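Data from run_14.cif: mmCIF, C-alpha atoms
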data_run
#
loop_
_atom_site.label_atom_id
_atom_site.label_comp_id
_atom_site.auth_asym_id
_atom_site.auth_seq_id
_atom_site.Cartn_x
_atom_site.Cartn_y
_atom_site.Cartn_z
CA MET R 1 -0.93 16.94 -5.66
CA ASP R 2 0.61 15.75 -8.91
CA HIS R 3 2.53 12.52 -8.40
CA THR R 4 3.55 11.92 -12.00
CA ASP R 5 7.17 12.67 -11.02
CA LEU R 6 7.28 9.74 -8.60
CA LYS R 7 9.50 6.86 -9.70
CA PRO R 8 10.24 3.31 -8.53
CA GLY R 9 12.47 3.46 -5.48
CA ASP R 10 11.04 6.73 -4.17
CA VAL R 11 9.88 6.64 -0.55
CA ILE R 12 6.48 8.12 0.19
CA LYS R 13 4.22 8.53 3.23
CA ARG R 14 1.52 5.96 2.60
CA HIS R 15 -0.37 5.24 5.83
CA ARG R 16 -1.50 7.77 8.41
CA LEU R 17 -0.88 7.11 12.10
CA SER R 18 -4.60 6.55 12.72
CA THR R 19 -4.67 3.89 9.99
CA ARG R 20 -1.63 2.11 11.39
CA LEU R 21 -2.89 2.14 14.98
CA TRP R 22 -6.30 0.85 13.94
CA HIS R 23 -4.81 -1.82 11.66
CA TRP R 24 -2.77 -3.48 14.43
CA THR R 25 -5.45 -2.99 17.10
CA ASN R 26 -8.00 -4.52 14.76
CA ALA R 27 -5.72 -7.45 13.89
CA LEU R 28 -5.22 -8.40 17.55
CA THR R 29 -8.85 -7.77 18.49
CA LEU R 30 -10.28 -9.88 15.67
CA LEU R 31 -7.85 -12.72 16.38
CA VAL R 32 -8.95 -12.92 20.03
CA MET R 33 -12.61 -12.58 19.09
CA LEU R 34 -12.36 -15.30 16.45
CA MET R 35 -10.64 -17.79 18.75
CA SER R 36 -12.94 -17.10 21.70
CA GLY R 37 -15.93 -17.16 19.34
CA LEU R 38 -14.97 -20.64 18.14
CA MET R 39 -14.95 -21.82 21.76
CA ILE R 40 -18.43 -20.31 22.23
CA PHE R 41 -19.55 -22.06 19.04
CA ASN R 42 -18.27 -25.36 20.46
CA ALA R 43 -21.06 -25.20 23.05
CA HIS R 44 -23.60 -25.79 20.26
CA ALA R 45 -21.96 -26.49 16.91
CA ARG R 46 -25.04 -25.97 14.74
CA LEU R 47 -26.43 -23.00 12.83
CA TYR R 48 -30.07 -22.30 12.00
CA TRP R 49 -32.26 -19.73 10.27
CA GLY R 50 -35.12 -18.03 12.07
CA ASP R 51 -35.92 -17.38 15.72
CA TYR R 52 -35.24 -20.76 17.26
CA GLY R 53 -32.73 -23.58 17.06
CA ALA R 54 -32.17 -26.76 19.07
CA ASN R 55 -30.79 -30.28 18.46
CA ASP R 56 -34.04 -31.53 16.95
CA ASP R 57 -34.46 -28.53 14.63
CA LYS R 58 -33.17 -28.50 11.07
CA ALA R 59 -29.72 -26.92 10.98
CA TRP R 60 -28.06 -25.67 7.81
CA LEU R 61 -24.58 -26.24 9.26
CA ILE R 62 -23.46 -28.98 11.65
CA ILE R 63 -19.98 -29.81 12.93
CA ASP R 64 -20.10 -33.04 14.90
CA ASP R 65 -18.89 -36.62 15.11
CA ALA R 66 -20.50 -39.92 14.21
CA GLY R 67 -18.69 -42.47 16.31
CA ASP R 68 -15.05 -42.34 15.27
CA THR R 69 -15.65 -39.96 12.35
CA GLY R 70 -15.75 -36.19 12.51
CA PHE R 71 -17.73 -34.31 9.87
CA VAL R 72 -19.00 -30.96 8.64
CA GLU R 73 -22.46 -30.95 7.10
CA ILE R 74 -23.69 -27.96 5.10
CA ALA R 75 -27.22 -27.98 3.66
CA GLY R 76 -27.27 -31.77 3.84
CA VAL R 77 -23.87 -32.29 2.20
CA ARG R 78 -21.48 -34.06 4.56
CA VAL R 79 -17.67 -33.92 4.43
CA GLU R 80 -15.45 -36.01 6.69
CA THR R 81 -13.11 -33.92 8.89
CA THR R 82 -11.77 -36.51 11.33
CA GLY R 83 -8.76 -35.23 13.26
CA VAL R 84 -9.48 -31.60 12.48
CA LEU R 85 -13.15 -30.82 13.14
CA GLY R 86 -15.71 -32.78 15.14
CA ILE R 87 -13.28 -35.25 16.67
CA TRP R 88 -9.57 -34.66 17.31
CA LYS R 89 -6.77 -35.22 19.82
CA ASN R 90 -5.47 -32.62 22.25
CA SER R 91 -1.81 -32.01 23.11
CA GLU R 92 -1.90 -34.93 25.59
CA GLY R 93 -3.20 -37.29 22.93
CA GLU R 94 -6.69 -37.48 24.41
CA ILE R 95 -9.63 -37.79 22.01
CA LYS R 96 -11.98 -34.81 22.16
CA ARG R 97 -15.41 -34.57 20.57
CA ARG R 98 -15.93 -30.89 19.88
CA ALA R 99 -16.31 -28.84 16.72
CA PHE R 100 -13.07 -26.84 16.74
CA PRO R 101 -9.73 -28.12 18.14
CA HIS R 102 -7.90 -26.63 21.11
CA TRP R 103 -5.24 -24.86 19.04
CA VAL R 104 -7.74 -22.45 17.44
CA THR R 105 -9.78 -21.57 20.55
CA ILE R 106 -9.43 -19.26 23.55
CA PRO R 107 -9.16 -20.77 26.08
CA SER R 108 -7.73 -24.01 24.69
CA ALA R 109 -9.52 -26.15 27.32
CA TYR R 110 -13.31 -26.10 27.16
CA ASP R 111 -14.52 -23.13 29.22
CA LEU R 112 -17.60 -21.36 27.90
CA GLN R 113 -17.67 -18.72 30.65
CA ALA R 114 -14.05 -17.68 30.09
CA ALA R 115 -14.56 -17.61 26.30
CA ARG R 116 -17.52 -15.26 26.72
CA ARG R 117 -15.48 -12.92 28.91
CA TRP R 118 -12.70 -12.77 26.32
CA HIS R 119 -15.20 -12.31 23.49
CA PHE R 120 -17.31 -9.58 25.06
CA THR R 121 -14.30 -7.62 26.35
CA PHE R 122 -12.67 -7.47 22.94
CA ALA R 123 -16.04 -6.80 21.29
CA TRP R 124 -16.06 -3.44 23.07
CA ILE R 125 -12.52 -2.75 21.85
CA LEU R 126 -13.59 -3.61 18.28
CA ALA R 127 -16.67 -1.37 18.38
CA VAL R 128 -14.92 1.61 19.97
CA ALA R 129 -11.84 1.34 17.74
CA LEU R 130 -13.97 1.08 14.58
CA THR R 131 -16.08 4.08 15.60
CA LEU R 132 -13.01 6.22 16.33
CA TYR R 133 -11.29 5.12 13.13
CA MET R 134 -14.34 5.85 10.98
CA ALA R 135 -14.78 9.29 12.58
CA ARG R 136 -11.10 10.07 12.05
CA SER R 137 -11.18 8.78 8.46
CA LEU R 138 -14.16 10.97 7.62
CA TRP R 139 -12.51 13.96 9.31
CA ASN R 140 -9.14 13.65 7.55
CA GLY R 141 -10.65 12.70 4.18
CA HIS R 142 -9.22 9.18 4.08
CA VAL R 143 -12.53 7.65 3.01
CA PHE R 144 -13.08 10.09 0.15
CA LYS R 145 -9.47 10.41 -1.00
CA ASP R 146 -8.37 6.80 -0.78
CA LEU R 147 -11.44 4.55 -0.72
CA HIS R 148 -13.91 6.47 -2.87
CA ILE R 149 -14.42 4.62 -6.15
CA ARG R 150 -14.39 7.03 -9.10
CA LYS R 151 -16.81 6.71 -11.97
CA TRP R 152 -14.18 5.51 -14.42
CA GLU R 153 -13.09 2.75 -11.99
CA TRP R 154 -16.52 1.11 -12.27
CA SER R 155 -15.83 0.33 -15.92
CA PRO R 156 -16.09 -3.47 -16.48
CA ARG R 157 -13.02 -3.24 -18.69
CA HIS R 158 -11.03 -1.56 -15.92
CA ILE R 159 -12.13 -4.10 -13.29
CA LEU R 160 -11.40 -7.04 -15.59
CA HIS R 161 -7.97 -5.59 -16.36
CA ASP R 162 -7.12 -5.37 -12.64
CA ILE R 163 -8.30 -8.93 -12.08
CA LYS R 164 -6.14 -10.21 -14.93
CA GLU R 165 -3.09 -8.27 -13.69
CA HIS R 166 -3.48 -9.69 -10.19
CA ALA R 167 -3.96 -13.20 -11.55
CA ARG R 168 -0.68 -12.80 -13.45
CA LEU R 169 0.98 -11.37 -10.30
CA ARG R 170 1.64 -8.11 -12.10
CA PHE R 171 1.34 -5.42 -9.45
CA PRO R 172 1.46 -1.62 -10.03
CA THR R 173 4.88 0.02 -9.93
CA GLY R 174 6.11 3.57 -9.53
CA ALA R 175 3.48 6.28 -8.97
CA ALA R 176 0.66 3.82 -9.81
CA ALA R 177 1.48 1.82 -6.66
CA LYS R 178 0.78 4.76 -4.37
CA ASP R 179 -3.02 4.55 -4.58
CA TYR R 180 -5.38 1.67 -3.90
CA ASN R 181 -6.61 -0.17 -6.99
CA ILE R 182 -10.26 -1.06 -7.54
CA LEU R 183 -9.90 -4.54 -6.01
CA GLN R 184 -8.30 -3.14 -2.87
CA LYS R 185 -10.98 -0.47 -2.56
CA LEU R 186 -13.80 -2.99 -2.91
CA SER R 187 -12.15 -5.27 -0.34
CA TYR R 188 -11.55 -2.53 2.23
CA ILE R 189 -15.01 -1.05 1.73
CA GLY R 190 -16.50 -4.52 2.17
CA VAL R 191 -14.64 -4.98 5.46
CA LEU R 192 -15.21 -1.48 6.85
CA PHE R 193 -18.80 -0.91 5.81
CA VAL R 194 -20.23 -4.44 5.57
CA LEU R 195 -18.44 -7.20 7.49
CA LEU R 196 -17.38 -5.31 10.62
CA PRO R 197 -20.73 -3.54 11.14
CA LEU R 198 -22.50 -6.85 10.43
CA ILE R 199 -20.34 -8.59 13.06
CA ILE R 200 -21.16 -5.90 15.63
CA PHE R 201 -24.91 -5.64 15.02
CA THR R 202 -25.55 -9.38 14.73
CA GLY R 203 -23.60 -9.79 17.97
CA LEU R 204 -25.91 -7.26 19.63
CA THR R 205 -28.93 -9.08 18.21
CA MET R 206 -27.93 -12.27 20.04
CA SER R 207 -27.97 -10.45 23.39
CA PRO R 208 -31.26 -10.82 25.36
CA ALA R 209 -30.66 -7.41 26.94
CA MET R 210 -30.37 -5.79 23.51
CA ASN R 211 -33.47 -7.67 22.35
CA ALA R 212 -35.38 -5.88 25.09
CA ALA R 213 -33.81 -2.49 24.37
CA TRP R 214 -33.74 -2.71 20.55
CA PRO R 215 -36.30 -5.35 19.50
CA TRP R 216 -36.12 -4.08 15.91
CA LEU R 217 -32.74 -5.80 15.55
CA LEU R 218 -34.53 -9.16 15.57
CA ASP R 219 -36.76 -7.96 12.73
CA ILE R 220 -33.82 -6.70 10.68
CA PHE R 221 -31.86 -9.95 10.89
CA GLY R 222 -34.82 -12.34 10.86
CA GLY R 223 -34.50 -13.70 14.38
CA ARG R 224 -31.74 -14.54 16.86
CA GLN R 225 -30.68 -17.76 15.12
CA SER R 226 -30.44 -15.99 11.76
CA ALA R 227 -28.30 -13.33 13.44
CA ARG R 228 -26.05 -16.09 14.84
CA SER R 229 -25.67 -17.59 11.37
CA LEU R 230 -24.87 -14.22 9.81
CA HIS R 231 -22.40 -13.53 12.62
CA PHE R 232 -20.60 -16.80 11.81
CA ILE R 233 -20.63 -16.13 8.05
CA ALA R 234 -19.28 -12.59 8.52
CA ALA R 235 -16.53 -13.90 10.80
CA PHE R 236 -15.35 -16.36 8.18
CA GLY R 237 -15.66 -13.65 5.54
CA LEU R 238 -13.07 -11.75 7.58
CA VAL R 239 -10.93 -14.90 7.79
CA ALA R 240 -11.06 -15.23 3.99
CA PHE R 241 -10.10 -11.56 3.63
CA PHE R 242 -7.18 -12.12 6.01
CA PHE R 243 -5.71 -14.98 4.00
CA VAL R 244 -6.06 -13.12 0.70
CA HIS R 245 -4.59 -10.00 2.31
CA ILE R 246 -1.57 -11.90 3.66
CA ALA R 247 -1.03 -13.61 0.29
CA MET R 248 -1.02 -10.23 -1.47
CA VAL R 249 1.40 -8.79 1.09
CA VAL R 250 3.81 -11.70 0.60
CA LEU R 251 3.60 -11.50 -3.20
CA ALA R 252 3.96 -7.72 -3.29
CA GLY R 253 7.01 -7.66 -0.99
CA PRO R 254 6.40 -8.36 2.71
CA ILE R 255 9.23 -6.20 4.11
CA ASN R 256 8.12 -3.09 2.25
CA GLU R 257 4.42 -3.69 2.95
CA VAL R 258 4.80 -4.43 6.67
CA ARG R 259 7.24 -1.55 7.14
CA SER R 260 4.72 0.83 5.60
CA MET R 261 2.09 -0.29 8.11
CA ILE R 262 4.54 0.22 11.00
CA THR R 263 6.35 3.43 10.03
CA GLY R 264 4.01 4.79 7.35
CA ARG R 265 6.86 4.94 4.82
CA TYR R 266 6.52 2.98 1.59
CA ARG R 267 9.10 2.46 -1.13
CA LEU R 268 7.46 2.50 -4.56
CA PRO R 269 8.08 -0.89 -6.21
CA GLY R 270 9.58 -1.36 -9.64
CA LYS R 271 12.94 -1.35 -11.35
CA VAL R 272 15.09 1.51 -10.03
CA GLU R 273 17.28 3.32 -12.55
CA SER R 274 20.94 3.14 -11.54
CA ASN R 275 21.51 6.88 -11.97
CA THR R 276 18.48 7.88 -9.93
CA ALA R 277 18.67 8.28 -6.15
CA PRO R 278 15.51 7.64 -4.08
CA GLN R 279 13.64 10.82 -3.16
CA GLU R 280 12.70 11.83 0.35
CA PRO R 281 9.25 10.81 1.64
CA GLN R 282 6.49 12.82 -0.02
CA GLY R 283 2.83 12.76 -0.83
CA GLU R 284 -0.29 12.46 1.30
CA PRO R 285 -0.56 9.31 3.43
CA ALA R 286 -3.44 6.94 2.91
#

Please lay out the structure from this file as structure tokens.
Amino acid sequence: MDHTDLKPGDVIKRHRLSTRLWHWTNALTLLVMLMSGLMIFNAHARLYWGDYGANDDKAWLIIDDAGDTGFVEIAGVRVETTGVLGIWKNSEGEIKRRAFPHWVTIPSAYDLQAARRWHFTFAWILAVALTLYMARSLWNGHVFKDLHIRKWEWSPRHILHDIKEHARLRFPTGAAAKDYNILQKLSYIGVLFVLLPLIIFTGLTMSPAMNAAWPWLLDIFGGRQSARSLHFIAAFGLVAFFFVHIAMVVLAGPINEVRSMITGRYRLPGKVESNTAPQEPQGEPA
């Protein structure tokens, strides 16, 4: 469909129902999994590479305390984090010596068993929702129509231009705002096809039952401890994506952006001509 007649102020159908349902389901699921995962991490706040890892083994990441000082150590470089990570006070003012504070974990009080129940329950929701969404997106053409990167979009000049425009907070307007730009496509592809599958499969690799059923997972990820490290890295990759995503939503117009993810209707940004009335919703949803 030719959208050259679209103008700023026109209302279009931007997000399909399947996209909207998956977006909010995924947001809640990942929040619960992150917070319960941090509580699980608190049980042993070290990360290793390889098959094995214990207190006496060399860890590439440590979150701990040294007396009255909390710290994060990555590859031998130590940064003090007193009051936030390693050592902090709970809501009653009691000093706690754990990696992550109570306000970012589920449950807030130390309970490894409960955290695992929360984590594994929502892991199933994540896996099933992602599978259904991917199947639906392939069926309705969302992946090819909206996420497929065309040959001309791979041009270094085009990518650099988009980076510069975003850095200057100059976002597309009118018909150009209807489709995802190259940076959005790369981000969404990275989440859908890299980070989320990596989260799921490294999580399976850490399961002794899955090790027995699918021992090849250990070979793919280089051992259970390597899988745990990759699981942690992928999780914080999603956290980084979240903060960038929220920043872009706020800068691009939060009301319009959030409304489009709730109702599917999106008002094309840009200066609206005074003698032009907004058109009715049109176009194919993303």

Worksheet item: Taking only C-alpha atoms into account, which of R:Thr105, R:Asn140, R:Gln113, R:Ser229 comes nearest Leu34 (chain R)?
Response: R:Thr105

Discussion item. Would you pick out the contacts of Ala252 (chain R) at 10 Å or less, using all atoms listed in the file, so that residues sharing its chain but fewer than 4 positions from it are not included, and give the list as number ranges by chain?
Written reply: R: 169-172, 246-248, 256-257, 269

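Nearest residue to Met206 (chain R), choosing from R:Ala227, R:Ile149, R:Leu28, R:Arg46 and counting only C-alpha atoms: R:Ala227.
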
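Note that CA of Arg267 (chain R) and CA of Pro8 (chain R) are 7.5 Å apart.
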
Worksheet entry | Polymer residues at most 10 Å from Ala27 (chain R), only C-alpha atoms, same-chain spacing of 5 or more positions, as an MDAnalysis selection string | chainID R and resid 22 32 126 242

Item to complete: Using the chain letters and numbering of this document, enumerate as JSON, numbers by chain the residues selected by the PyMOL selection byres ((chain R and resi 49-51) around 9).
Response: {"R": [47, 48, 52, 53, 58, 59, 60, 218, 221, 222, 223, 224, 225, 226, 227, 228, 229]}

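Across the structure, CA of Tyr180 (chain R) and CA of Lys164 (chain R) are spaced 16.2 Å apart.
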
Discussion item. Using the chain letters and numbers from this file, what does the PyMOL selection byres ((chain R and resi 128-135) around 8) select? Give the answer as a list in words.
Written reply: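 Applying the expression gives Ser18, Thr19, Trp22, Thr25, Asn26, Trp124, Ile125, Leu126, Ala127, Arg136, Ser137, Leu138 and Trp139 of chain R.
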
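Across the structure, CA of Leu230 (chain R) and CA of Pro215 (chain R) are spaced 17.4 Å apart.
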
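Using the PyMOL selection byres ((chain R and resi 42) around 10) on the file at hand returns these residues: Ser36, Gly37, Leu38, Met39, Ile40, Phe41, Ala43, His44, Ala45, Arg46, Ile63, Asp64, Gly86, Arg97, Arg98, Ala99, Phe100, Pro101, Thr105, Tyr110, Asp111 and Leu112 of chain R.
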
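Comparing R:Leu183, R:Phe193, R:Ile220, R:Lys178 by their smallest distance to Leu160 (chain R), the closest is R:Leu183 (using all atoms listed in the file).
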
Practice prompt. Please check which residues have atoms at most 7 Å from (-0.6, -6.4, 8.6) in the file's coordinates, counting only C-alpha atoms, and write them as a list in words.
Written response: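 Those residues, ordered by chain and then number, are His23, Trp24, Val258 and Met261 of chain R.
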
Take region 140-174 of chain R, model N, CA and C atoms, and hand the result over as a PDB file, in the coordinates of the input.
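The file below, out29.pdb, is the result:
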ATOM      1  N   ASN R 140     -10.361  13.350   8.300  1.00  0.00           N
ATOM      2  CA  ASN R 140      -9.140  13.650   7.550  1.00  0.00           C
ATOM      3  C   ASN R 140      -9.256  13.369   6.046  1.00  0.00           C
ATOM      4  N   GLY R 141     -10.434  12.910   5.609  1.00  0.00           N
ATOM      5  CA  GLY R 141     -10.650  12.700   4.180  1.00  0.00           C
ATOM      6  C   GLY R 141     -10.165  11.376   3.644  1.00  0.00           C
ATOM      7  N   HIS R 142      -9.740  10.465   4.529  1.00  0.00           N
ATOM      8  CA  HIS R 142      -9.220   9.180   4.080  1.00  0.00           C
ATOM      9  C   HIS R 142     -10.246   8.393   3.263  1.00  0.00           C
ATOM     10  N   VAL R 143     -11.492   8.401   3.711  1.00  0.00           N
ATOM     11  CA  VAL R 143     -12.530   7.650   3.010  1.00  0.00           C
ATOM     12  C   VAL R 143     -12.733   8.185   1.608  1.00  0.00           C
ATOM     13  N   PHE R 144     -12.828   9.511   1.472  1.00  0.00           N
ATOM     14  CA  PHE R 144     -13.080  10.090   0.150  1.00  0.00           C
ATOM     15  C   PHE R 144     -11.841  10.035  -0.747  1.00  0.00           C
ATOM     16  N   LYS R 145     -10.681  10.348  -0.194  1.00  0.00           N
ATOM     17  CA  LYS R 145      -9.470  10.410  -1.000  1.00  0.00           C
ATOM     18  C   LYS R 145      -8.958   9.037  -1.433  1.00  0.00           C
ATOM     19  N   ASP R 146      -9.030   8.074  -0.528  1.00  0.00           N
ATOM     20  CA  ASP R 146      -8.370   6.800  -0.780  1.00  0.00           C
ATOM     21  C   ASP R 146      -9.300   5.632  -1.059  1.00  0.00           C
ATOM     22  N   LEU R 147     -10.530   5.677  -0.538  1.00  0.00           N
ATOM     23  CA  LEU R 147     -11.440   4.550  -0.720  1.00  0.00           C
ATOM     24  C   LEU R 147     -12.583   4.849  -1.686  1.00  0.00           C
ATOM     25  N   HIS R 148     -12.833   6.120  -1.943  1.00  0.00           N
ATOM     26  CA  HIS R 148     -13.910   6.470  -2.870  1.00  0.00           C
ATOM     27  C   HIS R 148     -13.625   5.921  -4.265  1.00  0.00           C
ATOM     28  N   ILE R 149     -14.584   5.207  -4.823  1.00  0.00           N
ATOM     29  CA  ILE R 149     -14.420   4.620  -6.150  1.00  0.00           C
ATOM     30  C   ILE R 149     -14.930   5.595  -7.200  1.00  0.00           C
ATOM     31  N   ARG R 150     -14.035   6.056  -8.070  1.00  0.00           N
ATOM     32  CA  ARG R 150     -14.390   7.030  -9.100  1.00  0.00           C
ATOM     33  C   ARG R 150     -15.224   6.363 -10.195  1.00  0.00           C
ATOM     34  N   LYS R 151     -15.912   7.205 -10.931  1.00  0.00           N
ATOM     35  CA  LYS R 151     -16.810   6.710 -11.970  1.00  0.00           C
ATOM     36  C   LYS R 151     -16.088   5.824 -12.976  1.00  0.00           C
ATOM     37  N   TRP R 152     -14.906   6.256 -13.396  1.00  0.00           N
ATOM     38  CA  TRP R 152     -14.180   5.510 -14.420  1.00  0.00           C
ATOM     39  C   TRP R 152     -13.691   4.148 -13.894  1.00  0.00           C
ATOM     40  N   GLU R 153     -13.556   4.016 -12.555  1.00  0.00           N
ATOM     41  CA  GLU R 153     -13.090   2.750 -11.990  1.00  0.00           C
ATOM     42  C   GLU R 153     -14.160   1.673 -12.026  1.00  0.00           C
ATOM     43  N   TRP R 154     -15.439   2.077 -12.202  1.00  0.00           N
ATOM     44  CA  TRP R 154     -16.520   1.110 -12.270  1.00  0.00           C
ATOM     45  C   TRP R 154     -16.621   0.456 -13.642  1.00  0.00           C
ATOM     46  N   SER R 155     -15.804   0.898 -14.576  1.00  0.00           N
ATOM     47  CA  SER R 155     -15.830   0.330 -15.920  1.00  0.00           C
ATOM     48  C   SER R 155     -15.519  -1.170 -15.873  1.00  0.00           C
ATOM     49  N   PRO R 156     -16.362  -2.019 -16.457  1.00  0.00           N
ATOM     50  CA  PRO R 156     -16.090  -3.470 -16.480  1.00  0.00           C
ATOM     51  C   PRO R 156     -14.715  -3.781 -17.062  1.00  0.00           C
ATOM     52  N   ARG R 157     -14.328  -3.010 -18.074  1.00  0.00           N
ATOM     53  CA  ARG R 157     -13.020  -3.240 -18.690  1.00  0.00           C
ATOM     54  C   ARG R 157     -11.896  -2.976 -17.688  1.00  0.00           C
ATOM     55  N   HIS R 158     -12.047  -1.899 -16.912  1.00  0.00           N
ATOM     56  CA  HIS R 158     -11.030  -1.560 -15.920  1.00  0.00           C
ATOM     57  C   HIS R 158     -10.953  -2.631 -14.827  1.00  0.00           C
ATOM     58  N   ILE R 159     -12.100  -3.077 -14.335  1.00  0.00           N
ATOM     59  CA  ILE R 159     -12.130  -4.100 -13.290  1.00  0.00           C
ATOM     60  C   ILE R 159     -11.543  -5.414 -13.791  1.00  0.00           C
ATOM     61  N   LEU R 160     -11.920  -5.799 -15.008  1.00  0.00           N
ATOM     62  CA  LEU R 160     -11.400  -7.040 -15.590  1.00  0.00           C
ATOM     63  C   LEU R 160      -9.894  -6.946 -15.780  1.00  0.00           C
ATOM     64  N   HIS R 161      -9.407  -5.782 -16.176  1.00  0.00           N
ATOM     65  CA  HIS R 161      -7.970  -5.590 -16.360  1.00  0.00           C
ATOM     66  C   HIS R 161      -7.227  -5.779 -15.041  1.00  0.00           C
ATOM     67  N   ASP R 162      -7.754  -5.218 -13.949  1.00  0.00           N
ATOM     68  CA  ASP R 162      -7.120  -5.370 -12.640  1.00  0.00           C
ATOM     69  C   ASP R 162      -7.124  -6.822 -12.185  1.00  0.00           C
ATOM     70  N   ILE R 163      -8.217  -7.519 -12.447  1.00  0.00           N
ATOM     71  CA  ILE R 163      -8.300  -8.930 -12.080  1.00  0.00           C
ATOM     72  C   ILE R 163      -7.253  -9.739 -12.831  1.00  0.00           C
ATOM     73  N   LYS R 164      -7.126  -9.490 -14.122  1.00  0.00           N
ATOM     74  CA  LYS R 164      -6.140 -10.210 -14.930  1.00  0.00           C
ATOM     75  C   LYS R 164      -4.715  -9.911 -14.461  1.00  0.00           C
ATOM     76  N   GLU R 165      -4.432  -8.646 -14.142  1.00  0.00           N
ATOM     77  CA  GLU R 165      -3.090  -8.270 -13.690  1.00  0.00           C
ATOM     78  C   GLU R 165      -2.756  -8.951 -12.361  1.00  0.00           C
ATOM     79  N   HIS R 166      -3.726  -9.021 -11.462  1.00  0.00           N
ATOM     80  CA  HIS R 166      -3.480  -9.690 -10.190  1.00  0.00           C
ATOM     81  C   HIS R 166      -3.295 -11.194 -10.393  1.00  0.00           C
ATOM     82  N   ALA R 167      -4.080 -11.773 -11.283  1.00  0.00           N
ATOM     83  CA  ALA R 167      -3.960 -13.200 -11.550  1.00  0.00           C
ATOM     84  C   ALA R 167      -2.584 -13.544 -12.126  1.00  0.00           C
ATOM     85  N   ARG R 168      -2.018 -12.606 -12.876  1.00  0.00           N
ATOM     86  CA  ARG R 168      -0.680 -12.800 -13.450  1.00  0.00           C
ATOM     87  C   ARG R 168       0.424 -12.322 -12.514  1.00  0.00           C
ATOM     88  N   LEU R 169       0.030 -11.882 -11.293  1.00  0.00           N
ATOM     89  CA  LEU R 169       0.980 -11.370 -10.300  1.00  0.00           C
ATOM     90  C   LEU R 169       1.747 -10.167 -10.824  1.00  0.00           C
ATOM     91  N   ARG R 170       1.060  -9.351 -11.601  1.00  0.00           N
ATOM     92  CA  ARG R 170       1.640  -8.110 -12.100  1.00  0.00           C
ATOM     93  C   ARG R 170       1.062  -6.951 -11.292  1.00  0.00           C
ATOM     94  N   PHE R 171       1.824  -6.471 -10.325  1.00  0.00           N
ATOM     95  CA  PHE R 171       1.340  -5.420  -9.450  1.00  0.00           C
ATOM     96  C   PHE R 171       1.820  -4.056  -9.912  1.00  0.00           C
ATOM     97  N   PRO R 172       1.081  -2.981  -9.591  1.00  0.00           N
ATOM     98  CA  PRO R 172       1.460  -1.620 -10.030  1.00  0.00           C
ATOM     99  C   PRO R 172       2.846  -1.256  -9.520  1.00  0.00           C
ATOM    100  N   THR R 173       3.550  -0.457 -10.305  1.00  0.00           N
ATOM    101  CA  THR R 173       4.880   0.020  -9.930  1.00  0.00           C
ATOM    102  C   THR R 173       4.908   1.540 -10.020  1.00  0.00           C
ATOM    103  N   GLY R 174       5.952   2.130  -9.452  1.00  0.00           N
ATOM    104  CA  GLY R 174       6.110   3.570  -9.530  1.00  0.00           C
ATOM    105  C   GLY R 174       4.932   4.312  -8.902  1.00  0.00           C
TER     106      GLY R 174
END
